[in-house]
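Dropping protein26.tsv in here (TSV, C-alpha atoms and all ligand atoms):
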```
chain	number	residue	atom	x	y	z
K	96	MET	CA	-39.24	1.05	-17.46
K	97	LYS	CA	-39.36	1.95	-13.78
K	98	ARG	CA	-36.00	0.18	-13.19
K	99	LYS	CA	-34.42	2.05	-16.08
K	100	LEU	CA	-35.74	5.39	-14.78
K	101	LEU	CA	-34.37	4.54	-11.32
K	102	SER	CA	-30.95	3.66	-12.69
K	103	VAL	CA	-30.81	6.86	-14.73
K	104	MET	CA	-31.79	8.88	-11.65
K	105	LEU	CA	-29.15	7.01	-9.65
K	106	ILE	CA	-26.46	7.72	-12.26
K	107	ALA	CA	-27.45	11.37	-12.44
K	108	ALA	CA	-27.30	11.58	-8.64
K	109	MET	CA	-23.91	9.84	-8.59
K	110	THR	CA	-22.59	12.09	-11.36
K	111	ALA	CA	-23.79	15.16	-9.52
K	112	ALA	CA	-22.30	13.89	-6.25
K	113	LEU	CA	-18.92	13.03	-7.77
K	114	THR	CA	-18.78	16.23	-9.79
K	115	ALA	CA	-19.53	18.24	-6.67
K	116	CYS	CA	-17.06	16.00	-4.77
K	117	GLY	CA	-19.06	17.18	-1.84
K	118	GLY	CA	-21.74	14.56	-1.63
K	119	SER	CA	-21.34	12.76	1.62
K	120	SER	CA	-22.11	9.06	1.62
K	121	SER	CA	-20.78	5.94	3.30
K	122	SER	CA	-18.22	3.84	1.50
K	123	SER	CA	-20.56	0.89	1.08
K	124	SER	CA	-23.38	2.95	-0.48
K	125	THR	CA	-20.92	4.86	-2.63
K	126	GLU	CA	-19.32	1.62	-3.78
K	127	GLU	CA	-22.70	-0.12	-4.15
K	128	ALA	CA	-24.19	2.87	-5.95
K	129	SER	CA	-21.22	3.35	-8.25
K	130	THR	CA	-21.06	-0.40	-8.92
K	131	GLU	CA	-24.81	-0.48	-9.48
K	132	ALA	CA	-24.56	2.58	-11.70
K	133	ALA	CA	-21.69	1.05	-13.65
K	134	GLU	CA	-23.36	-2.33	-13.99
K	135	GLU	CA	-26.79	-0.90	-14.89
K	136	SER	CA	-25.48	2.13	-16.71
K	137	THR	CA	-27.74	3.02	-19.60
K	138	ASP	CA	-26.70	4.93	-22.68
K	139	ASP	CA	-27.60	8.06	-20.68
K	140	GLY	CA	-25.28	6.88	-17.86
K	141	GLU	CA	-22.36	6.22	-20.19
K	142	GLU	CA	-22.93	9.61	-21.82
K	143	ALA	CA	-23.08	11.17	-18.33
K	144	ALA	CA	-19.82	9.50	-17.29
K	145	SER	CA	-17.97	10.40	-20.49
K	146	THR	CA	-19.36	13.95	-20.35
K	147	GLU	CA	-18.14	14.21	-16.76
K	148	SER	CA	-14.64	12.93	-17.70
K	149	GLY	CA	-14.72	14.88	-20.98
K	150	GLY	CA	-13.08	11.89	-22.67
K	151	GLN	CA	-9.91	12.71	-20.82
K	152	LYS	CA	-6.94	10.34	-20.64
K	153	VAL	CA	-5.16	9.20	-17.47
K	154	GLY	CA	-1.71	7.59	-17.29
K	155	ILE	CA	-1.28	4.94	-14.59
K	156	SER	CA	2.36	3.98	-13.91
K	157	MET	CA	2.89	1.02	-11.60
K	158	PRO	CA	6.40	-0.13	-10.51
K	159	THR	CA	6.27	-3.87	-11.17
K	160	GLN	CA	4.13	-6.98	-11.44
K	161	SER	CA	6.63	-9.06	-9.47
K	162	LEU	CA	5.19	-7.81	-6.17
K	163	GLU	CA	1.62	-9.04	-5.81
K	164	ARG	CA	-0.10	-5.93	-4.58
K	165	TRP	CA	0.78	-3.76	-7.60
K	166	ASN	CA	-1.14	-6.06	-9.92
K	167	ARG	CA	-4.21	-5.34	-7.78
K	168	ASP	CA	-3.48	-1.60	-7.64
K	169	GLY	CA	-3.14	-1.40	-11.41
K	170	ALA	CA	-6.31	-3.41	-12.04
K	171	TYR	CA	-8.40	-1.44	-9.53
K	172	LEU	CA	-7.18	1.95	-10.81
K	173	ASP	CA	-7.78	0.94	-14.44
K	174	GLU	CA	-11.29	-0.26	-13.58
K	175	GLN	CA	-12.19	2.81	-11.55
K	176	PHE	CA	-11.07	5.30	-14.17
K	177	GLN	CA	-12.54	3.43	-17.12
K	178	SER	CA	-15.86	3.04	-15.27
K	179	ALA	CA	-15.83	6.80	-14.78
K	180	GLY	CA	-15.40	7.32	-18.53
K	181	TYR	CA	-11.68	8.05	-18.72
K	182	GLU	CA	-9.34	6.55	-21.26
K	183	THR	CA	-6.41	4.92	-19.43
K	184	VAL	CA	-2.82	3.99	-20.20
K	185	LEU	CA	-1.56	1.42	-17.66
K	186	THR	CA	2.10	0.35	-17.49
K	187	TYR	CA	4.25	-1.82	-15.19
K	188	SER	CA	7.99	-1.05	-15.29
K	189	ASP	CA	9.61	-4.27	-14.01
K	190	ASN	CA	11.18	-2.40	-11.03
K	191	ASP	CA	13.45	-0.70	-13.61
K	192	THR	CA	13.65	3.04	-12.89
K	193	GLU	CA	14.80	3.94	-16.42
K	194	GLN	CA	11.89	1.93	-17.83
K	195	GLN	CA	9.44	3.76	-15.59
K	196	VAL	CA	10.77	7.18	-16.67
K	197	ASN	CA	10.43	6.04	-20.29
K	198	ASP	CA	6.90	4.73	-19.71
K	199	ILE	CA	5.85	8.07	-18.22
K	200	GLN	CA	7.48	10.04	-21.03
K	201	ASN	CA	5.50	7.93	-23.51
K	202	MET	CA	2.30	8.73	-21.60
K	203	LEU	CA	3.08	12.45	-21.81
K	204	ALA	CA	3.78	12.12	-25.53
K	205	ASP	CA	0.45	10.26	-25.74
K	206	GLY	CA	-1.26	13.37	-24.37
K	207	VAL	CA	-2.45	12.18	-20.95
K	208	ASP	CA	-4.33	14.79	-18.95
K	209	LEU	CA	-3.16	13.46	-15.54
K	210	LEU	CA	-0.53	11.05	-14.23
K	211	ILE	CA	-0.87	8.55	-11.39
K	212	VAL	CA	2.58	7.24	-10.45
K	213	ALA	CA	3.71	4.62	-7.91
K	214	ALA	CA	7.45	5.32	-8.14
K	215	ILE	CA	10.08	2.59	-8.09
K	216	ASP	CA	12.51	5.18	-6.74
K	217	GLY	CA	11.09	8.54	-5.70
K	218	GLU	CA	14.47	10.21	-6.20
K	219	THR	CA	14.95	9.28	-9.87
K	220	MET	CA	11.88	10.75	-11.50
K	221	ASN	CA	12.99	14.34	-12.11
K	222	THR	CA	13.28	14.05	-15.91
K	223	CYS	CA	9.72	12.95	-16.50
K	224	MET	CA	8.28	14.92	-13.59
K	225	ASN	CA	9.79	18.15	-14.94
K	226	GLU	CA	8.37	17.29	-18.36
K	227	ALA	CA	4.93	16.79	-16.77
K	228	ALA	CA	5.19	20.17	-15.06
K	229	GLU	CA	6.23	21.85	-18.32
K	230	ALA	CA	3.26	20.21	-20.07
K	231	GLY	CA	0.89	21.30	-17.27
K	232	VAL	CA	-0.01	17.68	-16.52
K	233	PRO	CA	-0.91	17.22	-12.84
K	234	VAL	CA	0.69	14.28	-11.02
K	235	ILE	CA	-0.74	12.21	-8.19
K	236	ALA	CA	2.03	10.34	-6.34
K	237	TYR	CA	0.34	7.01	-5.65
K	238	ASP	CA	1.27	5.09	-2.50
K	239	ARG	CA	4.93	6.14	-2.66
K	240	LEU	CA	6.01	9.79	-2.58
K	241	ILE	CA	8.03	11.29	-5.44
K	242	MET	CA	10.65	13.92	-4.55
K	243	ASN	CA	9.70	16.47	-7.20
K	244	ASP	CA	7.49	19.55	-6.91
K	245	ALA	CA	5.60	18.54	-10.06
K	246	VAL	CA	3.65	16.25	-7.73
K	247	SER	CA	0.35	17.93	-6.89
K	248	TYR	CA	-1.01	15.45	-4.36
K	249	TYR	CA	-0.09	12.21	-2.60
K	250	VAL	CA	-2.47	9.30	-1.98
K	251	SER	CA	-1.23	6.54	0.27
K	252	PHE	CA	-1.80	4.87	3.62
K	253	ASP	CA	-0.47	6.24	6.87
K	254	ASN	CA	2.89	4.57	6.36
K	255	TYR	CA	4.30	5.48	9.78
K	256	THR	CA	1.24	3.84	11.34
K	257	VAL	CA	1.93	0.67	9.33
K	258	GLY	CA	5.19	0.46	11.29
K	259	THR	CA	3.69	1.33	14.66
K	260	LEU	CA	1.01	-1.35	14.16
K	261	GLN	CA	3.73	-3.93	13.54
K	262	GLY	CA	5.72	-2.76	16.58
K	263	GLN	CA	2.67	-2.60	18.84
K	264	PHE	CA	1.63	-6.10	17.73
K	265	ILE	CA	4.96	-7.43	19.02
K	266	VAL	CA	4.62	-5.51	22.31
K	267	GLU	CA	1.12	-6.81	22.93
K	268	THR	CA	1.59	-10.37	21.67
K	269	LEU	CA	4.66	-10.90	23.87
K	270	ASP	CA	3.24	-8.72	26.66
K	271	LEU	CA	6.54	-6.88	26.83
K	272	ASP	CA	5.24	-4.47	29.46
K	273	ASN	CA	5.06	-7.40	31.88
K	274	ALA	CA	8.16	-9.28	30.67
K	275	GLY	CA	10.05	-8.84	33.94
K	276	ASP	CA	13.55	-10.27	33.41
K	277	THR	CA	12.53	-12.22	30.31
K	278	VAL	CA	14.56	-11.29	27.21
K	279	TYR	CA	13.13	-11.85	23.73
K	280	ASN	CA	15.57	-12.21	20.83
K	281	MET	CA	14.56	-10.35	17.67
K	282	GLU	CA	15.86	-9.71	14.16
K	283	ILE	CA	14.75	-7.02	11.71
K	284	THR	CA	14.20	-6.96	7.92
K	285	ALA	CA	13.28	-3.58	6.43
K	286	GLY	CA	12.20	-2.58	2.93
K	287	ASP	CA	13.77	-1.14	-0.20
K	288	PRO	CA	15.92	1.93	0.59
K	289	ALA	CA	14.82	3.41	-2.77
K	290	ASP	CA	11.19	3.29	-1.57
K	291	ASN	CA	10.30	6.37	0.49
K	292	ASN	CA	7.70	4.32	2.34
K	293	ALA	CA	10.29	1.89	3.70
K	294	GLY	CA	11.79	4.54	5.95
K	295	TYR	CA	8.38	5.39	7.41
K	296	PHE	CA	7.57	1.73	8.09
K	297	TYR	CA	10.96	1.28	9.79
K	298	GLN	CA	10.67	4.47	11.85
K	299	GLY	CA	7.20	3.53	13.09
K	300	GLU	CA	8.47	0.11	14.10
K	301	ILE	CA	11.54	1.40	15.89
K	302	ASP	CA	9.74	4.24	17.66
K	303	VAL	CA	7.54	1.62	19.34
K	304	LEU	CA	10.23	-0.98	20.00
K	305	GLN	CA	13.29	1.12	20.87
K	306	PRO	CA	12.31	1.54	24.56
K	307	TYR	CA	12.15	-2.25	24.91
K	308	MET	CA	15.48	-2.63	23.11
K	309	ASP	CA	17.01	-0.02	25.42
K	310	ALA	CA	15.62	-1.84	28.47
K	311	GLY	CA	17.08	-5.15	27.23
K	312	THR	CA	13.64	-6.78	26.98
K	313	LEU	CA	14.12	-7.04	23.22
K	314	ASN	CA	17.60	-8.13	22.15
K	315	VAL	CA	18.75	-8.00	18.50
K	316	VAL	CA	21.35	-10.78	18.74
K	317	SER	CA	23.00	-9.94	15.38
K	318	GLY	CA	23.31	-6.30	16.40
K	319	GLN	CA	21.91	-5.42	12.97
K	320	THR	CA	19.39	-2.65	13.69
K	321	ASP	CA	20.22	0.35	11.48
K	322	PHE	CA	18.04	0.79	8.41
K	323	ASP	CA	20.81	0.50	5.81
K	324	THR	CA	21.96	-2.84	7.25
K	325	VAL	CA	18.49	-4.42	7.49
K	326	ALA	CA	17.06	-2.89	4.25
K	327	THR	CA	16.10	-5.15	1.33
K	328	ASP	CA	16.71	-3.94	-2.24
K	329	GLY	CA	13.56	-4.17	-4.37
K	330	TRP	CA	11.67	-5.77	-1.44
K	331	SER	CA	13.13	-9.00	-2.86
K	332	THR	CA	12.00	-12.26	-1.27
K	333	ASP	CA	15.26	-13.96	-2.30
K	334	THR	CA	17.40	-11.16	-0.84
K	335	ALA	CA	15.46	-11.34	2.45
K	336	LEU	CA	15.84	-15.13	2.47
K	337	GLU	CA	19.59	-15.00	1.90
K	338	ARG	CA	20.23	-12.41	4.63
K	339	ALA	CA	18.02	-14.30	7.10
K	340	GLN	CA	19.94	-17.52	6.41
K	341	ASN	CA	23.22	-15.70	6.99
K	342	VAL	CA	21.98	-14.23	10.29
K	343	LEU	CA	20.68	-17.60	11.48
K	344	ALA	CA	23.93	-19.33	10.57
K	345	SER	CA	26.05	-16.66	12.25
K	346	TYR	CA	24.12	-16.04	15.47
K	347	TYR	CA	21.62	-18.86	16.12
K	348	ALA	CA	23.42	-22.05	15.12
K	349	ASP	CA	24.57	-22.45	18.73
K	350	GLY	CA	21.00	-22.99	19.92
K	351	THR	CA	20.24	-19.34	20.73
K	352	GLN	CA	16.47	-18.92	20.69
K	353	LEU	CA	14.90	-16.58	18.13
K	354	ASP	CA	11.55	-15.18	19.23
K	355	VAL	CA	10.65	-12.43	16.72
K	356	TRP	CA	11.48	-11.46	13.17
K	357	LEU	CA	10.17	-7.98	12.36
K	358	CYS	CA	9.50	-7.71	8.61
K	359	SER	CA	8.15	-4.53	6.98
K	360	ASN	CA	6.14	-6.30	4.25
K	361	ASP	CA	4.93	-9.67	3.01
K	362	SER	CA	7.39	-10.26	0.17
K	363	THR	CA	10.32	-9.99	2.60
K	364	ALA	CA	8.42	-11.92	5.30
K	365	LEU	CA	8.04	-14.75	2.80
K	366	GLY	CA	11.84	-15.04	2.48
K	367	VAL	CA	12.38	-14.78	6.23
K	368	ALA	CA	9.71	-17.42	6.94
K	369	GLN	CA	11.35	-19.76	4.44
K	370	ALA	CA	14.74	-19.26	6.16
K	371	VAL	CA	13.27	-19.80	9.64
K	372	THR	CA	11.50	-22.96	8.46
K	373	SER	CA	14.61	-24.41	6.81
K	374	ASP	CA	17.50	-23.02	8.86
K	375	TYR	CA	16.29	-22.27	12.41
K	376	ALA	CA	16.91	-25.21	14.75
K	377	GLY	CA	14.78	-23.97	17.64
K	378	SER	CA	11.45	-25.69	18.43
K	379	ASN	CA	9.61	-22.48	19.33
K	380	SER	CA	7.27	-20.60	17.04
K	381	VAL	CA	8.86	-17.36	15.76
K	382	LEU	CA	6.61	-14.28	15.62
K	383	ILE	CA	6.88	-12.87	12.05
K	384	THR	CA	5.23	-9.62	10.91
K	385	GLY	CA	4.33	-8.46	7.38
K	386	GLN	CA	2.26	-6.06	5.29
K	387	ASP	CA	0.00	-6.24	2.20
K	388	GLY	CA	-2.07	-9.41	2.65
K	389	ASP	CA	-0.33	-11.28	-0.16
K	390	GLU	CA	-1.93	-14.71	-0.80
K	391	ALA	CA	1.16	-16.77	0.08
K	392	ASN	CA	1.55	-14.88	3.35
K	393	LEU	CA	-2.12	-15.27	4.24
K	394	ALA	CA	-1.61	-19.01	3.75
K	395	ASN	CA	1.40	-18.82	6.06
K	396	ILE	CA	-0.79	-17.03	8.62
K	397	VAL	CA	-3.38	-19.83	8.40
K	398	ASP	CA	-0.53	-22.37	8.84
K	399	GLY	CA	1.02	-20.46	11.78
K	400	VAL	CA	4.27	-19.68	9.89
K	401	GLN	CA	3.61	-15.91	9.80
K	402	THR	CA	1.83	-14.19	12.68
K	403	MET	CA	0.30	-11.03	11.22
K	404	THR	CA	0.14	-8.78	8.22
K	405	VAL	CA	-0.85	-5.11	7.99
K	406	TYR	CA	-3.67	-4.97	5.47
K	407	LYS	CA	-4.17	-2.00	3.17
K	408	ASN	CA	-7.33	-1.97	1.07
K	409	VAL	CA	-5.85	-0.86	-2.24
K	410	SER	CA	-9.29	-0.97	-3.84
K	411	ASN	CA	-10.23	1.88	-1.51
K	412	GLU	CA	-6.95	3.58	-2.41
K	413	SER	CA	-8.02	3.51	-6.05
K	414	ILE	CA	-11.45	4.98	-5.19
K	415	VAL	CA	-9.83	7.87	-3.30
K	416	THR	CA	-7.41	8.39	-6.20
K	417	LEU	CA	-10.30	8.57	-8.71
K	418	SER	CA	-12.20	11.11	-6.60
K	419	LEU	CA	-9.08	13.23	-6.21
K	420	ALA	CA	-8.25	13.01	-9.92
K	421	GLN	CA	-11.80	14.07	-10.85
K	422	ALA	CA	-11.57	17.06	-8.51
K	423	ILE	CA	-8.21	18.05	-10.02
K	424	LEU	CA	-9.39	17.68	-13.61
K	425	ASN	CA	-12.66	19.49	-12.85
K	426	GLY	CA	-10.71	22.39	-11.34
K	427	GLU	CA	-12.38	22.00	-7.96
K	428	THR	CA	-11.05	23.23	-4.64
K	429	ILE	CA	-9.19	20.38	-2.98
K	430	ASP	CA	-9.12	20.27	0.78
K	431	GLU	CA	-10.20	18.13	3.70
K	432	SER	CA	-13.86	18.37	2.62
K	433	LEU	CA	-13.10	16.17	-0.39
K	434	ILE	CA	-12.88	13.25	2.05
K	435	ASP	CA	-16.66	13.43	2.52
K	436	SER	CA	-17.09	12.27	-1.10
K	437	PHE	CA	-14.87	9.22	-0.59
K	438	GLY	CA	-17.03	7.43	1.95
K	439	ILE	CA	-13.77	5.85	3.09
K	440	ASP	CA	-11.84	6.41	6.33
K	441	CYS	CA	-9.05	8.77	5.28
K	442	ALA	CA	-6.99	11.63	6.73
K	443	TYR	CA	-6.00	14.84	4.94
K	444	ASP	CA	-2.41	15.61	5.88
K	445	THR	CA	-0.62	18.78	4.77
K	446	GLU	CA	2.41	18.49	7.08
K	447	SER	CA	3.99	15.01	7.00
K	448	TYR	CA	5.25	14.76	3.42
K	449	GLU	CA	7.49	17.08	1.37
K	450	THR	CA	8.32	16.83	-2.34
K	451	SER	CA	11.35	19.05	-1.73
K	452	ASP	CA	12.74	20.91	1.29
K	453	GLY	CA	9.89	22.83	2.81
K	454	ASN	CA	7.45	22.07	-0.03
K	455	LYS	CA	4.63	20.25	1.75
K	456	CYS	CA	2.62	17.84	-0.36
K	457	PRO	CA	-1.10	17.67	0.48
K	458	SER	CA	-1.78	14.00	1.18
K	459	PHE	CA	-4.79	11.74	1.54
K	460	LEU	CA	-3.82	8.89	3.87
K	461	LEU	CA	-6.00	5.82	4.24
K	462	VAL	CA	-6.03	3.67	7.38
K	463	PRO	CA	-4.21	0.29	7.59
K	464	SER	CA	-5.37	-2.58	9.80
K	465	VAL	CA	-3.91	-5.67	11.47
K	466	ILE	CA	-4.87	-9.10	10.15
K	467	THR	CA	-4.14	-12.33	12.02
K	468	VAL	CA	-5.52	-15.87	11.89
K	469	ASP	CA	-8.29	-14.62	14.21
K	470	ASN	CA	-9.84	-12.02	11.86
K	471	LEU	CA	-9.25	-13.30	8.34
K	472	GLU	CA	-12.99	-12.93	7.72
K	473	GLU	CA	-12.45	-9.18	7.65
K	474	LEU	CA	-10.67	-9.69	4.34
K	475	VAL	CA	-13.59	-11.73	3.01
K	476	ASP	CA	-15.90	-8.92	4.16
K	477	THR	CA	-14.06	-6.48	1.85
K	478	GLY	CA	-15.33	-8.53	-1.09
K	479	LEU	CA	-11.77	-8.65	-2.39
K	480	TYR	CA	-10.91	-12.10	-0.99
K	481	GLU	CA	-12.77	-15.41	-0.82
K	482	MET	CA	-12.12	-18.42	1.41
K	483	GLY	CA	-11.23	-21.46	-0.68
K	484	ASP	CA	-12.38	-24.99	0.13
K	485	ASP	CA	-8.77	-25.65	1.19
K	486	GLY	CA	-9.13	-23.11	4.02
K	487	TYR	CA	-6.87	-20.55	2.35
K	488	LEU	CA	-7.86	-17.07	1.18
K	489	LYS	CA	-7.70	-16.17	-2.51
K	490	ALA	CA	-7.87	-12.64	-3.95
K	491	VAL	CA	-11.03	-12.18	-6.03
K	492	GLN	CA	-9.78	-11.49	-9.55
K	501	LIG	C1	5.62	-0.23	-0.53
K	501	LIG	C2	4.18	-0.41	-0.27
K	501	LIG	C3	4.01	-1.65	0.57
K	501	LIG	C4	5.03	-2.74	0.33
K	501	LIG	C5	6.09	-2.50	-0.70
K	501	LIG	C6	6.23	-3.63	-1.68
K	501	LIG	O1	5.87	1.00	-1.05
K	501	LIG	O2	3.57	0.69	0.37
K	501	LIG	O3	2.67	-2.06	0.40
K	501	LIG	O4	4.39	-3.90	-0.04
K	501	LIG	O5	5.98	-1.29	-1.37
K	501	LIG	O6	5.66	-3.41	-2.84
```
Could you show the structure in this file as structure tokens?
Amino acid sequence: MKRKLLSVMLIAAMTAALTACGGSSSSSSTEEASTEAAEESTDDGEEAASTESGGQKVGISMPTQSLERWNRDGAYLDEQFQSAGYETVLTYSDNDTEQQVNDIQNMLADGVDLLIVAAIDGETMNTCMNEAAEAGVPVIAYDRLIMNDAVSYYVSFDNYTVGTLQGQFIVETLDLDNAGDTVYNMEITAGDPADNNAGYFYQGEIDVLQPYMDAGTLNVVSGQTDFDTVATDGWSTDTALERAQNVLASYYADGTQLDVWLCSNDSTALGVAQAVTSDYAGSNSVLITGQDGDEANLANIVDGVQTMTVYKNVSNESIVTLSLAQAILNGETIDESLIDSFGIDCAYDTESYETSDGNKCPSFLLVPSVITVDNLEELVDTGLYEMGDDGYLKAVQ
């Protein structure tokens, strides 16, 4: 009886805290409490949650299942919103922009009260975004910004910092500030030009590395440095592999040493690493960067094929998105103070992102981190990965 009373009190406290969106608590206790509340929820708790969500319905539109992270994003978002008592509609649109517009239009026809959208192409969503605005359905742009003023808020990571972390890793690992006359040869693979994030990753990378390129300490042998040339449609592993093979054949077959391959994310790093393994004749280890903590890339980091990845805790991204969605649906004031309810390290940015010229989009930006072979246990500590007997990390399903 005592345990049941405690769990009801805990649920009531959590409901009050989330409703107020002002309760301050650390991420672990918030997560533990909400998990505990969800696991031990009594009839009262379920009633409390559904009362709080008012039986409302949330549409969750993810771009694809062919890129590992989005499967996790979709699962975490679905779990968070359902645990909070919302009905959810979750779709994956096979990286097909017309399919995604159609999926979102179906959600609107289905009467969703709020949309969460990770756009395949932020420039091609006007039809369904305008329909959402006309229907008075608020939109959270999730992880990738959408260029339409129907978007109320943006939840992502500090994407520019993802790039600067990758650039800074290269500077520090090669000790470029003390390189003297040493020249390091580098190639670059950027992301999908349709993905607004890709430009931020690239700009963060180049802003750190350009001074070393100008000084001749970093030398891009192929001369391919502009975004459009090094971009990778759909973040495709095969496309990244093919271009890397072409660059190696054209510029490194004569024995030129390759020291660094700057990749904006893990799916492209996987293709580059495959090309370097199969087509690079040099005996040196090539420094390869990435982003996302995909399982195959974490294995490559264990094996020394890839050097680092920028990790983004997308479970935390789903927790922030739930808190923001609840505040929107509950008609609460949304400002920097909402961060206190997340219990997660996050910045409130009202300047960096625009949904149209001059129309700033209030954004909640989580903090990315660098993972190498030396701190893989940090991923285990998130509870989202476990170390297999084979010495490789697996995502906890
Ligand atoms: C980006 C996302 C990154 C990257 C890429 C591939 O928009 O922020 O995590 O992995 O998509 O899906």
Any idea what's packed within 12 Å of region 445-460 of chain K, counting only C-alpha atoms, ignoring anything in its chain fewer than 5 positions away? Could you give it as JSON, numbers by chain?
-> {"K": [217, 218, 220, 221, 224, 234, 235, 236, 237, 238, 239, 240, 241, 242, 243, 244, 245, 246, 247, 248, 249, 250, 251, 252, 253, 254, 255, 256, 257, 291, 292, 295, 407, 408, 409, 411, 412, 413, 414, 415, 416, 418, 419, 429, 430, 431, 432, 433, 434, 437, 439, 440]}
Could you save those same residues with C-alpha atoms as an mmCIF file, in the coordinates of the input?
```
data_model
loop_
_atom_site.group_PDB
_atom_site.id
_atom_site.type_symbol
_atom_site.label_atom_id
_atom_site.label_comp_id
_atom_site.auth_asym_id
_atom_site.auth_seq_id
_atom_site.Cartn_x
_atom_site.Cartn_y
_atom_site.Cartn_z
ATOM 1 C CA GLY K 217 11.090 8.540 -5.700
ATOM 2 C CA GLU K 218 14.470 10.210 -6.200
ATOM 3 C CA MET K 220 11.880 10.750 -11.500
ATOM 4 C CA ASN K 221 12.990 14.340 -12.110
ATOM 5 C CA MET K 224 8.280 14.920 -13.590
ATOM 6 C CA VAL K 234 0.690 14.280 -11.020
ATOM 7 C CA ILE K 235 -0.740 12.210 -8.190
ATOM 8 C CA ALA K 236 2.030 10.340 -6.340
ATOM 9 C CA TYR K 237 0.340 7.010 -5.650
ATOM 10 C CA ASP K 238 1.270 5.090 -2.500
ATOM 11 C CA ARG K 239 4.930 6.140 -2.660
ATOM 12 C CA LEU K 240 6.010 9.790 -2.580
ATOM 13 C CA ILE K 241 8.030 11.290 -5.440
ATOM 14 C CA MET K 242 10.650 13.920 -4.550
ATOM 15 C CA ASN K 243 9.700 16.470 -7.200
ATOM 16 C CA ASP K 244 7.490 19.550 -6.910
ATOM 17 C CA ALA K 245 5.600 18.540 -10.060
ATOM 18 C CA VAL K 246 3.650 16.250 -7.730
ATOM 19 C CA SER K 247 0.350 17.930 -6.890
ATOM 20 C CA TYR K 248 -1.010 15.450 -4.360
ATOM 21 C CA TYR K 249 -0.090 12.210 -2.600
ATOM 22 C CA VAL K 250 -2.470 9.300 -1.980
ATOM 23 C CA SER K 251 -1.230 6.540 0.270
ATOM 24 C CA PHE K 252 -1.800 4.870 3.620
ATOM 25 C CA ASP K 253 -0.470 6.240 6.870
ATOM 26 C CA ASN K 254 2.890 4.570 6.360
ATOM 27 C CA TYR K 255 4.300 5.480 9.780
ATOM 28 C CA THR K 256 1.240 3.840 11.340
ATOM 29 C CA VAL K 257 1.930 0.670 9.330
ATOM 30 C CA ASN K 291 10.300 6.370 0.490
ATOM 31 C CA ASN K 292 7.700 4.320 2.340
ATOM 32 C CA TYR K 295 8.380 5.390 7.410
ATOM 33 C CA LYS K 407 -4.170 -2.000 3.170
ATOM 34 C CA ASN K 408 -7.330 -1.970 1.070
ATOM 35 C CA VAL K 409 -5.850 -0.860 -2.240
ATOM 36 C CA ASN K 411 -10.230 1.880 -1.510
ATOM 37 C CA GLU K 412 -6.950 3.580 -2.410
ATOM 38 C CA SER K 413 -8.020 3.510 -6.050
ATOM 39 C CA ILE K 414 -11.450 4.980 -5.190
ATOM 40 C CA VAL K 415 -9.830 7.870 -3.300
ATOM 41 C CA THR K 416 -7.410 8.390 -6.200
ATOM 42 C CA SER K 418 -12.200 11.110 -6.600
ATOM 43 C CA LEU K 419 -9.080 13.230 -6.210
ATOM 44 C CA ILE K 429 -9.190 20.380 -2.980
ATOM 45 C CA ASP K 430 -9.120 20.270 0.780
ATOM 46 C CA GLU K 431 -10.200 18.130 3.700
ATOM 47 C CA SER K 432 -13.860 18.370 2.620
ATOM 48 C CA LEU K 433 -13.100 16.170 -0.390
ATOM 49 C CA ILE K 434 -12.880 13.250 2.050
ATOM 50 C CA PHE K 437 -14.870 9.220 -0.590
ATOM 51 C CA ILE K 439 -13.770 5.850 3.090
ATOM 52 C CA ASP K 440 -11.840 6.410 6.330
#
```
When the cut-off is 10 Å and you count all atoms listed in the file, which residues lie near ligand LIG 501 (chain K), shown as a PyMOL selection string?
-> chain K and resi 158-165+190+213-216+237-240+251-254+257+286-287+289-296+329-331+359-363+385-389+405-407+409
Polymer residues at most 8 Å from region 201-209 of chain K, only C-alpha atoms, same-chain spacing of 5 or more positions, as a PyMOL selection string = chain K and resi 151-154+184+226-227+230+232-235+420+424
Within 12 Å of Val342 (chain K) using all atoms listed in the file, minus same-chain residues under 3 positions, as an mmCIF file with C-alpha atoms, keeping the file's coordinate frame:
```
data_model
loop_
_atom_site.group_PDB
_atom_site.id
_atom_site.type_symbol
_atom_site.label_atom_id
_atom_site.label_comp_id
_atom_site.auth_asym_id
_atom_site.auth_seq_id
_atom_site.Cartn_x
_atom_site.Cartn_y
_atom_site.Cartn_z
ATOM 1 C CA MET K 281 14.560 -10.350 17.670
ATOM 2 C CA GLU K 282 15.860 -9.710 14.160
ATOM 3 C CA ILE K 283 14.750 -7.020 11.710
ATOM 4 C CA THR K 284 14.200 -6.960 7.920
ATOM 5 C CA VAL K 315 18.750 -8.000 18.500
ATOM 6 C CA VAL K 316 21.350 -10.780 18.740
ATOM 7 C CA SER K 317 23.000 -9.940 15.380
ATOM 8 C CA GLY K 318 23.310 -6.300 16.400
ATOM 9 C CA GLN K 319 21.910 -5.420 12.970
ATOM 10 C CA THR K 324 21.960 -2.840 7.250
ATOM 11 C CA VAL K 325 18.490 -4.420 7.490
ATOM 12 C CA ALA K 335 15.460 -11.340 2.450
ATOM 13 C CA LEU K 336 15.840 -15.130 2.470
ATOM 14 C CA GLU K 337 19.590 -15.000 1.900
ATOM 15 C CA ARG K 338 20.230 -12.410 4.630
ATOM 16 C CA ALA K 339 18.020 -14.300 7.100
ATOM 17 C CA SER K 345 26.050 -16.660 12.250
ATOM 18 C CA TYR K 346 24.120 -16.040 15.470
ATOM 19 C CA TYR K 347 21.620 -18.860 16.120
ATOM 20 C CA ALA K 348 23.420 -22.050 15.120
ATOM 21 C CA THR K 351 20.240 -19.340 20.730
ATOM 22 C CA LEU K 353 14.900 -16.580 18.130
ATOM 23 C CA TRP K 356 11.480 -11.460 13.170
ATOM 24 C CA VAL K 367 12.380 -14.780 6.230
ATOM 25 C CA ALA K 370 14.740 -19.260 6.160
ATOM 26 C CA VAL K 371 13.270 -19.800 9.640
ATOM 27 C CA ASP K 374 17.500 -23.020 8.860
ATOM 28 C CA TYR K 375 16.290 -22.270 12.410
#
```
